[in-house]
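Shown next, in structure tokens, is the structure this report addresses.
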Amino acid sequence: MRAAAVVRTRHELRTWLSNRIDFRYLSEPDMIEAGVMDMASCVDAMEETFALYAAGDYRMAGPNNDSHGARMIFPDEPPFPTMPKNSDDRRFTAMPAYLGGSFGTTGMKWYGSNLANREKGLPRSILMFMLNDTETAAPLALMSANLLSAMRTGAVSGVAARHFARGDARVAGVIGPGVMGRTALAALAVACPMLDTVKVRGRSQRGIDDFKTWVATYVPQITSIEQVESDEEAVRGCDVVTVCATTKAGDLDTYPMIRREWLEPGALVTMPAAANIDEGLEAQDVRKVVDSYGLYEAWGLEFPTPTHHHVGIIGNKFLDLVAEGKIRHWDIEELGPVVERRAEGRRNPEEIVIVSIGGLPIEDVAWGTVVYRNAIKRGIGTSLPLWDAPAMA
């Protein structure tokens, strides 16, 4: 009887252990300790991500599996007194994705955004990311995602620069010195080792000063920062330009306008935020590259044409130009085939390249997986129980 009881107890222990689920919570300080700010590694992860995207080893939401996610907005005139009213950039968004290759994980970024947060000393957006085991759907980690998102968005400019920037690029222009402007510059510096000078245009002196402090700490290869007063000054004479200004959602008149006459021959322009281009840059000899053609098609299903009036990312302008018959759909290239070397990067020293960065949920999965694995190896974060055994199975 005693032996049988021991066997039964061991069996119960094995069952208990097999049903137990724990996941790791990673606060923002945990994320920093686990390497979320390592831009060189993030650019590498994004390059692998775009190769997997081009190969088709991914899934995202929406009918074409390329959606940015599901967005919830509040009405302009709420029918209930306790319901929030729509305002600038006020929304909640869920961004699920699966990414294969060396990642093999599934996750979802969840965030709320409200420009009024800044009046309370908070970031415009507050983000969390849940990483899951793809086979069982069990949670692996719940992590603070503001830095995760900022780094992966910036890193895409670095991937673009690896393939489209001139090898002798030394001067960068930054329109919008906020979080996106900082991380985009850091990524451009990874891809362009000779980069040492930055022209920056911002709305406030405080923003410029914060930018300078951040660059001195995180991008020490930049030895000269020139504050300028106009978008034109921020663009002229630059080898690489990134347009990262925050604008009012859906207000075309507030989008920064980039004109062809301002750009140097051979300039690369990355646009991870709302922006516009003049007729000269609409021409077919200006290369137009997107992170995902399907991403902008998905936005086109959500919003009426011209979509660029509703979602300011320049890739929507590209597809609007196709709809207007000004360019052909094959004039718009994707970044993934260039990363895979199935398509050419820079073709000659004179060509101007514009890269649209709309933000793919697979990017969060990629960088979240890398940071999570770092945390596991280094024992960072807090292990939390989901259950010892499910109450109902």
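Just remember, in the structure tokens the first chain shown is A, the second B, etc., residues are 1-based per chain, and ligands are 1-based in the order shown.
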Spatial neighbours of A:Gly154, 7 Å, only C-alpha atoms, chain gap at least 2 places, as a PyMOL selection string: chain A and resi 150-152+156-157+180+183-184+187
Need the shell around stretch 295-299 of chain A: protein/DNA/RNA residues with any atom at most 8 Å away, counting only C-alpha atoms. Skip same-chain ones fewer than 3 positions apart. Format as a PDB file with all heavy atoms, in the first residue's frame?
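The result, written out as around30.pdb:
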```pdb
ATOM      1  N   GLY A  62      -6.391  40.273 -40.370  1.00  0.00           N
ATOM      2  CA  GLY A  62      -7.072  40.809 -41.544  1.00  0.00           C
ATOM      3  C   GLY A  62      -7.304  39.780 -42.621  1.00  0.00           C
ATOM      4  O   GLY A  62      -6.687  38.712 -42.636  1.00  0.00           O
ATOM      5  N   PRO A  63      -8.165  40.089 -43.566  1.00  0.00           N
ATOM      6  CA  PRO A  63      -8.496  39.130 -44.629  1.00  0.00           C
ATOM      7  C   PRO A  63      -7.328  38.794 -45.535  1.00  0.00           C
ATOM      8  O   PRO A  63      -7.317  37.732 -46.167  1.00  0.00           O
ATOM      9  CB  PRO A  63      -9.626  39.839 -45.407  1.00  0.00           C
ATOM     10  CG  PRO A  63      -9.494  41.283 -45.055  1.00  0.00           C
ATOM     11  CD  PRO A  63      -8.964  41.326 -43.666  1.00  0.00           C
ATOM     12  N   ASN A  64      -6.328  39.676 -45.617  1.00  0.00           N
ATOM     13  CA  ASN A  64      -5.157  39.370 -46.451  1.00  0.00           C
ATOM     14  C   ASN A  64      -3.944  38.987 -45.603  1.00  0.00           C
ATOM     15  O   ASN A  64      -2.842  38.872 -46.120  1.00  0.00           O
ATOM     16  CB  ASN A  64      -4.816  40.554 -47.363  1.00  0.00           C
ATOM     17  CG  ASN A  64      -4.335  41.786 -46.575  1.00  0.00           C
ATOM     18  OD1 ASN A  64      -4.435  41.836 -45.353  1.00  0.00           O
ATOM     19  ND2 ASN A  64      -3.821  42.777 -47.302  1.00  0.00           N
ATOM     20  N   ASP A  66      -2.232  40.681 -43.679  1.00  0.00           N
ATOM     21  CA  ASP A  66      -1.218  41.743 -43.682  1.00  0.00           C
ATOM     22  C   ASP A  66      -1.677  42.985 -42.927  1.00  0.00           C
ATOM     23  O   ASP A  66      -1.077  44.049 -43.067  1.00  0.00           O
ATOM     24  CB  ASP A  66      -0.884  42.152 -45.127  1.00  0.00           C
ATOM     25  CG  ASP A  66       0.220  41.297 -45.723  1.00  0.00           C
ATOM     26  OD1 ASP A  66       0.974  40.679 -44.957  1.00  0.00           O
ATOM     27  OD2 ASP A  66       0.332  41.259 -46.958  1.00  0.00           O
ATOM     28  N   SER A  67      -2.708  42.859 -42.108  1.00  0.00           N
ATOM     29  CA  SER A  67      -3.272  44.032 -41.455  1.00  0.00           C
ATOM     30  C   SER A  67      -2.385  44.534 -40.323  1.00  0.00           C
ATOM     31  O   SER A  67      -1.725  43.759 -39.632  1.00  0.00           O
ATOM     32  CB  SER A  67      -4.650  43.706 -40.900  1.00  0.00           C
ATOM     33  OG  SER A  67      -5.157  44.790 -40.133  1.00  0.00           O
ATOM     34  N   HIS A  68      -2.399  45.846 -40.142  1.00  0.00           N
ATOM     35  CA  HIS A  68      -1.717  46.474 -39.015  1.00  0.00           C
ATOM     36  C   HIS A  68      -2.325  46.021 -37.689  1.00  0.00           C
ATOM     37  O   HIS A  68      -1.632  45.968 -36.668  1.00  0.00           O
ATOM     38  CB  HIS A  68      -1.845  48.001 -39.150  1.00  0.00           C
ATOM     39  CG  HIS A  68      -1.088  48.790 -38.139  1.00  0.00           C
ATOM     40  ND1 HIS A  68       0.280  48.864 -38.123  1.00  0.00           N
ATOM     41  CD2 HIS A  68      -1.511  49.548 -37.102  1.00  0.00           C
ATOM     42  CE1 HIS A  68       0.680  49.636 -37.127  1.00  0.00           C
ATOM     43  NE2 HIS A  68      -0.389  50.066 -36.490  1.00  0.00           N
ATOM     44  N   SER A 292       5.532  46.575 -46.591  1.00  0.00           N
ATOM     45  CA  SER A 292       4.573  45.536 -46.962  1.00  0.00           C
ATOM     46  C   SER A 292       3.499  46.136 -47.847  1.00  0.00           C
ATOM     47  O   SER A 292       2.751  47.025 -47.406  1.00  0.00           O
ATOM     48  CB  SER A 292       3.922  44.945 -45.701  1.00  0.00           C
ATOM     49  OG  SER A 292       2.707  44.291 -46.012  1.00  0.00           O
ATOM     50  N   GLU A 302     -10.029  49.457 -45.073  1.00  0.00           N
ATOM     51  CA  GLU A 302     -10.619  50.057 -43.883  1.00  0.00           C
ATOM     52  C   GLU A 302     -11.078  51.491 -44.113  1.00  0.00           C
ATOM     53  O   GLU A 302     -12.021  51.962 -43.459  1.00  0.00           O
ATOM     54  CB  GLU A 302      -9.610  50.050 -42.735  1.00  0.00           C
ATOM     55  CG  GLU A 302      -9.225  48.672 -42.233  1.00  0.00           C
ATOM     56  CD  GLU A 302      -8.226  48.767 -41.091  1.00  0.00           C
ATOM     57  OE1 GLU A 302      -8.459  49.576 -40.165  1.00  0.00           O
ATOM     58  OE2 GLU A 302      -7.203  48.057 -41.121  1.00  0.00           O
ATOM     59  N   PHE A 303     -10.394  52.190 -45.007  1.00  0.00           N
ATOM     60  CA  PHE A 303     -10.650  53.618 -45.182  1.00  0.00           C
ATOM     61  C   PHE A 303     -10.933  53.909 -46.658  1.00  0.00           C
ATOM     62  O   PHE A 303     -10.416  53.237 -47.553  1.00  0.00           O
ATOM     63  CB  PHE A 303      -9.441  54.443 -44.735  1.00  0.00           C
ATOM     64  CG  PHE A 303      -9.115  54.296 -43.276  1.00  0.00           C
ATOM     65  CD1 PHE A 303      -8.178  53.370 -42.845  1.00  0.00           C
ATOM     66  CD2 PHE A 303      -9.764  55.083 -42.324  1.00  0.00           C
ATOM     67  CE1 PHE A 303      -7.877  53.228 -41.500  1.00  0.00           C
ATOM     68  CE2 PHE A 303      -9.459  54.959 -40.980  1.00  0.00           C
ATOM     69  CZ  PHE A 303      -8.522  54.022 -40.566  1.00  0.00           C
ATOM     70  N   THR A 307      -6.725  57.027 -49.351  1.00  0.00           N
ATOM     71  CA  THR A 307      -6.451  56.533 -48.000  1.00  0.00           C
ATOM     72  C   THR A 307      -5.458  57.411 -47.257  1.00  0.00           C
ATOM     73  O   THR A 307      -5.519  57.531 -46.027  1.00  0.00           O
ATOM     74  CB  THR A 307      -5.928  55.088 -48.085  1.00  0.00           C
ATOM     75  OG1 THR A 307      -6.834  54.303 -48.849  1.00  0.00           O
ATOM     76  CG2 THR A 307      -5.795  54.474 -46.707  1.00  0.00           C
ATOM     77  N   VAL A 311      -4.884  57.867 -43.193  1.00  0.00           N
ATOM     78  CA  VAL A 311      -3.704  57.275 -42.550  1.00  0.00           C
ATOM     79  C   VAL A 311      -2.484  57.862 -43.244  1.00  0.00           C
ATOM     80  O   VAL A 311      -2.239  57.598 -44.424  1.00  0.00           O
ATOM     81  CB  VAL A 311      -3.689  55.734 -42.656  1.00  0.00           C
ATOM     82  CG1 VAL A 311      -2.467  55.167 -41.938  1.00  0.00           C
ATOM     83  CG2 VAL A 311      -4.976  55.153 -42.070  1.00  0.00           C
ATOM     84  N   GLY A 315       3.174  55.183 -47.655  1.00  0.00           N
ATOM     85  CA  GLY A 315       2.794  54.044 -48.483  1.00  0.00           C
ATOM     86  C   GLY A 315       1.355  54.125 -48.949  1.00  0.00           C
ATOM     87  O   GLY A 315       1.009  53.651 -50.041  1.00  0.00           O
ATOM     88  N   ASN A 316       0.488  54.723 -48.140  1.00  0.00           N
ATOM     89  CA  ASN A 316      -0.896  54.926 -48.573  1.00  0.00           C
ATOM     90  C   ASN A 316      -0.970  55.922 -49.725  1.00  0.00           C
ATOM     91  O   ASN A 316      -1.792  55.778 -50.631  1.00  0.00           O
ATOM     92  CB  ASN A 316      -1.747  55.397 -47.394  1.00  0.00           C
ATOM     93  CG  ASN A 316      -1.975  54.301 -46.379  1.00  0.00           C
ATOM     94  OD1 ASN A 316      -2.513  53.246 -46.707  1.00  0.00           O
ATOM     95  ND2 ASN A 316      -1.556  54.540 -45.145  1.00  0.00           N
ATOM     96  N   LEU A 319      -0.133  53.984 -52.920  1.00  0.00           N
ATOM     97  CA  LEU A 319      -1.253  53.230 -53.481  1.00  0.00           C
ATOM     98  C   LEU A 319      -2.337  54.151 -54.029  1.00  0.00           C
ATOM     99  O   LEU A 319      -3.010  53.806 -55.022  1.00  0.00           O
ATOM    100  CB  LEU A 319      -1.838  52.276 -52.435  1.00  0.00           C
ATOM    101  CG  LEU A 319      -1.242  50.852 -52.480  1.00  0.00           C
ATOM    102  CD1 LEU A 319       0.226  50.866 -52.094  1.00  0.00           C
ATOM    103  CD2 LEU A 319      -2.025  49.896 -51.599  1.00  0.00           C
ATOM    104  N   GLY A 358       5.285  51.473 -42.182  1.00  0.00           N
ATOM    105  CA  GLY A 358       3.968  51.535 -41.553  1.00  0.00           C
ATOM    106  C   GLY A 358       3.887  50.803 -40.237  1.00  0.00           C
ATOM    107  O   GLY A 358       2.987  51.052 -39.437  1.00  0.00           O
ATOM    108  N   LEU A 360       4.842  46.718 -38.877  1.00  0.00           N
ATOM    109  CA  LEU A 360       4.256  45.387 -39.003  1.00  0.00           C
ATOM    110  C   LEU A 360       4.253  44.692 -37.641  1.00  0.00           C
ATOM    111  O   LEU A 360       5.278  44.674 -36.949  1.00  0.00           O
ATOM    112  CB  LEU A 360       5.056  44.542 -39.997  1.00  0.00           C
ATOM    113  CG  LEU A 360       5.252  45.129 -41.391  1.00  0.00           C
ATOM    114  CD1 LEU A 360       6.062  44.170 -42.257  1.00  0.00           C
ATOM    115  CD2 LEU A 360       3.915  45.419 -42.037  1.00  0.00           C
TER     116      LEU A 360
END
```
Long-range neighbours of stretch 214-220 of chain A as an MDAnalysis selection string, 8 Å cut-off, only C-alpha atoms, 2 positions minimum in chain: chainID A and resid 182 186 189 210:212 222:223
Which residue of A:Val228, A:Ala54, A:Ala137, A:Ala393 approaches A:Asp291 most closely, using only C-alpha atoms: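 Smallest distance to A:Asp291 is found for A:Ala54.
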Residues flagged helix (DSSP H, G or I) by DSSP in stretch 215-383 of chain A, as a PyMOL selection string: chain A and resi 215-218+231-235+252-254+260-262+279-282+293-302+307-309+314-323+329-331+335-339+361-378
Nearby residues (only C-alpha atoms) at most 8 Å from A:Pro96, same-chain spacing under 6 positions excluded, as a PyMOL selection string: chain A and resi 60-61+69+106-109+361-362
Contact residues around stretch 376-391 of chain A with only C-alpha atoms at 6 Å, ignoring same-chain residues under 4 positions, as an NGL selection string: :A and (19-26 or 30)
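Counting from atom CA of A:Val198, the distance to atom CA of A:Ala245 is 15.8 Å.
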Per residue of stretch 64-161 of chain A within 12 Å of stretch 255-268 of chain A, note the shortest atom pair and the distance in Å to one decimal, counting only C-alpha atoms, and order the rows by chain and increasing residue number, as a tab-separated table.
```
residue	atom	partner	partner_atom	distance
A:Ser157	CA	A:Leu268	CA	9.8
A:Gly158	CA	A:Leu268	CA	11.1
A:Val159	CA	A:Leu268	CA	11.9
A:Ala160	CA	A:Leu268	CA	8.6
A:Ala161	CA	A:Leu268	CA	7.4
```
Atomic distance atom CA of A:Leu252 - atom CA of A:Pro177, expressed in Å with one decimal: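 The value is 20.4 Å.
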Counting only C-alpha atoms, the residue of A:Ala40, A:Met128, A:Asp133, A:Ala366 that sits nearest A:Cys192: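 Closest to A:Cys192, using only C-alpha atoms: A:Ala40.
Taking only C-alpha atoms into account, A:Arg373 lies nearest to A:Ala141 out of the set A:Ala141, A:Leu147, A:Val338, A:Ile126.
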Using only C-alpha atoms, which residues sit within 7 Å of A:Ile175 once same-chain residues fewer than 4 positions away are excluded, as a JSON list (two decimals) with N, CA and C atoms, in the first residue's frame?
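Saved the output as part22.json:
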```json
[["chain", "number", "residue", "atom", "x", "y", "z"],
["A", 200, "VAL", "N", 18.56, 68.71, -37.41],
["A", 200, "VAL", "CA", 17.31, 68.33, -36.77],
["A", 200, "VAL", "C", 16.38, 69.53, -36.71],
["A", 201, "ARG", "N", 15.11, 69.26, -37.02],
["A", 201, "ARG", "CA", 14.07, 70.29, -36.93],
["A", 201, "ARG", "C", 12.97, 69.77, -36.02],
["A", 202, "GLY", "N", 12.66, 70.54, -34.98],
["A", 202, "GLY", "CA", 11.60, 70.16, -34.06],
["A", 202, "GLY", "C", 10.70, 71.34, -33.75],
["A", 231, "ASP", "N", 11.73, 72.44, -42.45],
["A", 231, "ASP", "CA", 11.90, 71.12, -43.05],
["A", 231, "ASP", "C", 12.90, 71.17, -44.20],
["A", 234, "ALA", "N", 16.32, 70.98, -42.94],
["A", 234, "ALA", "CA", 16.62, 69.67, -42.39],
["A", 234, "ALA", "C", 16.91, 68.64, -43.48],
["A", 242, "THR", "N", 15.13, 61.17, -42.27],
["A", 242, "THR", "CA", 14.00, 60.44, -41.70],
["A", 242, "THR", "C", 12.96, 61.43, -41.22],
["A", 243, "VAL", "N", 11.70, 61.18, -41.58],
["A", 243, "VAL", "CA", 10.59, 62.09, -41.28],
["A", 243, "VAL", "C", 9.74, 61.43, -40.21],
["A", 244, "CYS", "N", 9.78, 61.97, -38.99],
["A", 244, "CYS", "CA", 9.20, 61.31, -37.82],
["A", 244, "CYS", "C", 8.32, 62.22, -36.99],
["A", 245, "ALA", "N", 7.81, 63.29, -37.57],
["A", 245, "ALA", "CA", 7.01, 64.25, -36.80],
["A", 245, "ALA", "C", 5.64, 63.69, -36.47]]
```
Running DSSP on the backbone, which parts of stretch 93-160 of chain A land in strand (DSSP E or B), as a compact mmCIF listing (two decimals) with all heavy atoms, in the first residue's frame?
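Once everything was written out, this is result_10.txt:
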```
# COMPACT_ATOMS: atom_id res chain seq x y z
N THR A 93 -5.56 49.77 -29.99
CA THR A 93 -5.23 48.91 -31.13
C THR A 93 -4.63 47.60 -30.64
O THR A 93 -3.78 47.59 -29.74
CB THR A 93 -4.23 49.60 -32.07
OG1 THR A 93 -4.75 50.85 -32.49
CG2 THR A 93 -3.96 48.74 -33.30
N ALA A 94 -5.08 46.50 -31.24
CA ALA A 94 -4.51 45.17 -30.99
C ALA A 94 -3.80 44.71 -32.25
O ALA A 94 -4.37 44.75 -33.34
CB ALA A 94 -5.61 44.18 -30.61
N MET A 95 -2.54 44.26 -32.11
CA MET A 95 -1.71 43.92 -33.27
C MET A 95 -1.14 42.50 -33.11
O MET A 95 -0.03 42.31 -32.61
CB MET A 95 -0.57 44.94 -33.41
CG MET A 95 -1.05 46.37 -33.63
SD MET A 95 0.28 47.60 -33.52
CE MET A 95 1.35 47.09 -34.87
N PRO A 96 -1.89 41.46 -33.54
CA PRO A 96 -1.41 40.09 -33.40
C PRO A 96 -0.59 39.63 -34.61
O PRO A 96 -0.79 40.12 -35.72
CB PRO A 96 -2.71 39.29 -33.32
CG PRO A 96 -3.66 40.08 -34.17
CD PRO A 96 -3.28 41.54 -34.00
N ALA A 97 0.31 38.68 -34.37
CA ALA A 97 1.12 38.15 -35.48
C ALA A 97 1.83 36.87 -35.06
O ALA A 97 2.07 36.63 -33.87
CB ALA A 97 2.16 39.18 -35.92
N TYR A 98 2.15 36.08 -36.06
CA TYR A 98 3.03 34.91 -35.91
C TYR A 98 4.22 35.12 -36.82
O TYR A 98 4.09 35.61 -37.95
CB TYR A 98 2.31 33.61 -36.33
CG TYR A 98 3.27 32.49 -36.69
CD1 TYR A 98 3.92 31.75 -35.71
CD2 TYR A 98 3.55 32.21 -38.03
CE1 TYR A 98 4.83 30.76 -36.04
CE2 TYR A 98 4.45 31.20 -38.38
CZ TYR A 98 5.09 30.48 -37.38
OH TYR A 98 5.99 29.50 -37.72
N LEU A 99 5.42 34.74 -36.35
CA LEU A 99 6.62 34.83 -37.17
C LEU A 99 7.40 33.54 -37.06
O LEU A 99 7.66 33.04 -35.95
CB LEU A 99 7.50 36.01 -36.71
CG LEU A 99 8.73 36.31 -37.58
CD1 LEU A 99 8.32 36.69 -39.01
CD2 LEU A 99 9.56 37.42 -36.96
N THR A 105 7.38 32.11 -32.85
CA THR A 105 6.51 32.54 -31.75
C THR A 105 5.34 33.37 -32.28
O THR A 105 5.34 33.82 -33.42
CB THR A 105 7.31 33.38 -30.74
OG1 THR A 105 8.08 34.36 -31.44
CG2 THR A 105 8.23 32.51 -29.90
N THR A 106 4.38 33.55 -31.41
CA THR A 106 3.19 34.33 -31.72
C THR A 106 3.01 35.37 -30.61
O THR A 106 3.33 35.11 -29.45
CB THR A 106 1.95 33.42 -31.80
OG1 THR A 106 2.17 32.44 -32.83
CG2 THR A 106 0.70 34.20 -32.11
N GLY A 107 2.52 36.52 -30.97
CA GLY A 107 2.34 37.54 -29.95
C GLY A 107 1.38 38.62 -30.38
O GLY A 107 0.90 38.65 -31.52
N MET A 108 1.11 39.53 -29.45
CA MET A 108 0.22 40.64 -29.75
C MET A 108 0.64 41.87 -28.95
O MET A 108 0.81 41.79 -27.73
CB MET A 108 -1.24 40.31 -29.42
CG MET A 108 -2.20 41.43 -29.83
SD MET A 108 -3.90 41.16 -29.31
CE MET A 108 -3.78 41.54 -27.57
N LYS A 109 0.79 42.96 -29.67
CA LYS A 109 0.98 44.26 -29.00
C LYS A 109 -0.38 44.90 -28.81
O LYS A 109 -1.19 44.94 -29.73
CB LYS A 109 1.91 45.15 -29.83
CG LYS A 109 2.23 46.48 -29.14
CD LYS A 109 3.36 47.21 -29.84
CE LYS A 109 2.94 47.77 -31.17
NZ LYS A 109 4.05 48.48 -31.85
N TRP A 110 -0.59 45.42 -27.61
CA TRP A 110 -1.85 46.08 -27.27
C TRP A 110 -1.52 47.47 -26.76
O TRP A 110 -0.70 47.61 -25.87
CB TRP A 110 -2.58 45.27 -26.20
CG TRP A 110 -3.74 45.95 -25.54
CD1 TRP A 110 -3.80 46.35 -24.24
CD2 TRP A 110 -5.01 46.29 -26.12
NE1 TRP A 110 -5.03 46.93 -23.97
CE2 TRP A 110 -5.79 46.90 -25.11
CE3 TRP A 110 -5.55 46.14 -27.40
CZ2 TRP A 110 -7.09 47.36 -25.34
CZ3 TRP A 110 -6.85 46.60 -27.63
CH2 TRP A 110 -7.60 47.19 -26.62
N TYR A 111 -2.14 48.45 -27.36
CA TYR A 111 -1.81 49.80 -26.89
C TYR A 111 -2.98 50.77 -27.01
O TYR A 111 -3.85 50.62 -27.86
CB TYR A 111 -0.59 50.35 -27.60
CG TYR A 111 -0.75 50.82 -29.03
CD1 TYR A 111 -1.05 52.15 -29.32
CD2 TYR A 111 -0.57 49.95 -30.10
CE1 TYR A 111 -1.16 52.60 -30.62
CE2 TYR A 111 -0.67 50.39 -31.40
CZ TYR A 111 -0.97 51.72 -31.66
OH TYR A 111 -1.09 52.16 -32.95
N GLY A 112 -2.94 51.73 -26.11
CA GLY A 112 -3.85 52.85 -26.18
C GLY A 112 -3.05 54.11 -26.46
O GLY A 112 -1.88 54.21 -26.07
N SER A 113 -3.65 55.05 -27.16
CA SER A 113 -2.94 56.25 -27.57
C SER A 113 -3.84 57.46 -27.39
O SER A 113 -5.04 57.41 -27.70
CB SER A 113 -2.51 56.14 -29.04
OG SER A 113 -1.76 57.25 -29.44
N SER A 125 1.51 57.16 -26.32
CA SER A 125 1.00 55.79 -26.34
C SER A 125 1.58 55.01 -25.17
O SER A 125 2.74 55.21 -24.80
CB SER A 125 1.36 55.09 -27.66
OG SER A 125 0.79 55.76 -28.76
N ILE A 126 0.79 54.12 -24.60
CA ILE A 126 1.26 53.20 -23.57
C ILE A 126 1.00 51.80 -24.09
O ILE A 126 -0.14 51.44 -24.42
CB ILE A 126 0.54 53.45 -22.23
CG1 ILE A 126 0.85 54.87 -21.73
CG2 ILE A 126 0.97 52.41 -21.19
CD1 ILE A 126 0.12 55.27 -20.47
N LEU A 127 2.06 50.99 -24.18
CA LEU A 127 2.00 49.73 -24.89
C LEU A 127 2.43 48.56 -24.01
O LEU A 127 3.32 48.69 -23.16
CB LEU A 127 2.91 49.76 -26.12
CG LEU A 127 2.70 50.91 -27.12
CD1 LEU A 127 3.58 52.10 -26.77
CD2 LEU A 127 3.02 50.45 -28.53
N MET A 128 1.78 47.41 -24.25
CA MET A 128 2.18 46.14 -23.64
C MET A 128 2.26 45.10 -24.74
O MET A 128 1.58 45.22 -25.78
CB MET A 128 1.17 45.70 -22.57
CG MET A 128 1.06 46.62 -21.37
SD MET A 128 2.58 46.76 -20.40
CE MET A 128 2.72 45.08 -19.74
N PHE A 129 3.09 44.07 -24.51
CA PHE A 129 3.22 43.02 -25.51
C PHE A 129 3.13 41.67 -24.82
O PHE A 129 3.79 41.43 -23.81
CB PHE A 129 4.57 43.13 -26.25
CG PHE A 129 4.77 42.08 -27.30
CD1 PHE A 129 4.08 42.14 -28.50
CD2 PHE A 129 5.64 41.02 -27.09
CE1 PHE A 129 4.25 41.17 -29.47
CE2 PHE A 129 5.82 40.05 -28.06
CZ PHE A 129 5.12 40.12 -29.26
N MET A 130 2.29 40.79 -25.37
CA MET A 130 2.17 39.42 -24.87
C MET A 130 2.78 38.47 -25.89
O MET A 130 2.40 38.48 -27.07
CB MET A 130 0.70 39.07 -24.64
CG MET A 130 0.46 37.61 -24.23
SD MET A 130 1.25 37.16 -22.66
CE MET A 130 0.13 37.91 -21.49
N LEU A 131 3.74 37.66 -25.43
CA LEU A 131 4.38 36.66 -26.27
C LEU A 131 3.86 35.29 -25.88
O LEU A 131 3.80 34.96 -24.68
CB LEU A 131 5.90 36.72 -26.09
CG LEU A 131 6.74 35.81 -27.00
CD1 LEU A 131 6.65 36.27 -28.45
CD2 LEU A 131 8.19 35.79 -26.52
N ASN A 132 3.49 34.48 -26.87
CA ASN A 132 2.90 33.17 -26.62
C ASN A 132 3.65 32.05 -27.31
O ASN A 132 4.24 32.25 -28.38
CB ASN A 132 1.44 33.14 -27.10
CG ASN A 132 0.55 34.07 -26.33
OD1 ASN A 132 0.53 35.27 -26.60
ND2 ASN A 132 -0.19 33.55 -25.37
N ASP A 133 3.58 30.87 -26.72
CA ASP A 133 4.03 29.65 -27.39
C ASP A 133 3.05 29.35 -28.53
O ASP A 133 1.83 29.31 -28.31
CB ASP A 133 4.06 28.50 -26.39
CG ASP A 133 4.45 27.19 -27.03
OD1 ASP A 133 5.66 26.95 -27.18
OD2 ASP A 133 3.55 26.41 -27.39
N PRO A 139 1.02 31.54 -22.46
CA PRO A 139 1.82 32.77 -22.40
C PRO A 139 3.25 32.48 -22.01
O PRO A 139 3.51 31.68 -21.11
CB PRO A 139 1.10 33.60 -21.34
CG PRO A 139 0.44 32.59 -20.45
CD PRO A 139 0.04 31.46 -21.36
N LEU A 140 4.17 33.15 -22.69
CA LEU A 140 5.59 33.07 -22.34
C LEU A 140 6.02 34.30 -21.56
O LEU A 140 6.79 34.20 -20.61
CB LEU A 140 6.45 32.94 -23.61
CG LEU A 140 6.22 31.71 -24.47
CD1 LEU A 140 7.02 31.82 -25.76
CD2 LEU A 140 6.58 30.45 -23.71
N ALA A 141 5.55 35.46 -21.99
CA ALA A 141 5.96 36.70 -21.33
C ALA A 141 4.94 37.80 -21.57
O ALA A 141 4.32 37.87 -22.63
CB ALA A 141 7.33 37.15 -21.84
N LEU A 142 4.78 38.64 -20.57
CA LEU A 142 4.05 39.89 -20.70
C LEU A 142 5.06 40.99 -20.42
O LEU A 142 5.70 40.99 -19.37
CB LEU A 142 2.91 39.97 -19.69
CG LEU A 142 2.14 41.30 -19.64
CD1 LEU A 142 1.42 41.55 -20.96
CD2 LEU A 142 1.17 41.33 -18.47
N MET A 143 5.24 41.86 -21.40
CA MET A 143 6.35 42.82 -21.28
C MET A 143 5.92 44.24 -21.59
O MET A 143 5.04 44.48 -22.42
CB MET A 143 7.51 42.40 -22.19
CG MET A 143 7.18 42.27 -23.65
SD MET A 143 8.58 41.58 -24.63
CE MET A 143 8.54 39.85 -24.16
N SER A 144 6.56 45.18 -20.91
CA SER A 144 6.44 46.59 -21.26
C SER A 144 6.93 46.77 -22.69
O SER A 144 7.98 46.25 -23.06
CB SER A 144 7.28 47.42 -20.30
OG SER A 144 7.36 48.76 -20.73
```
Contacts of A:Arg342 within 12 Å, only C-alpha atoms, excl. fewer than 6 positions in-chain, as a PyMOL selection string: chain A and resi 51+54-55+333-336
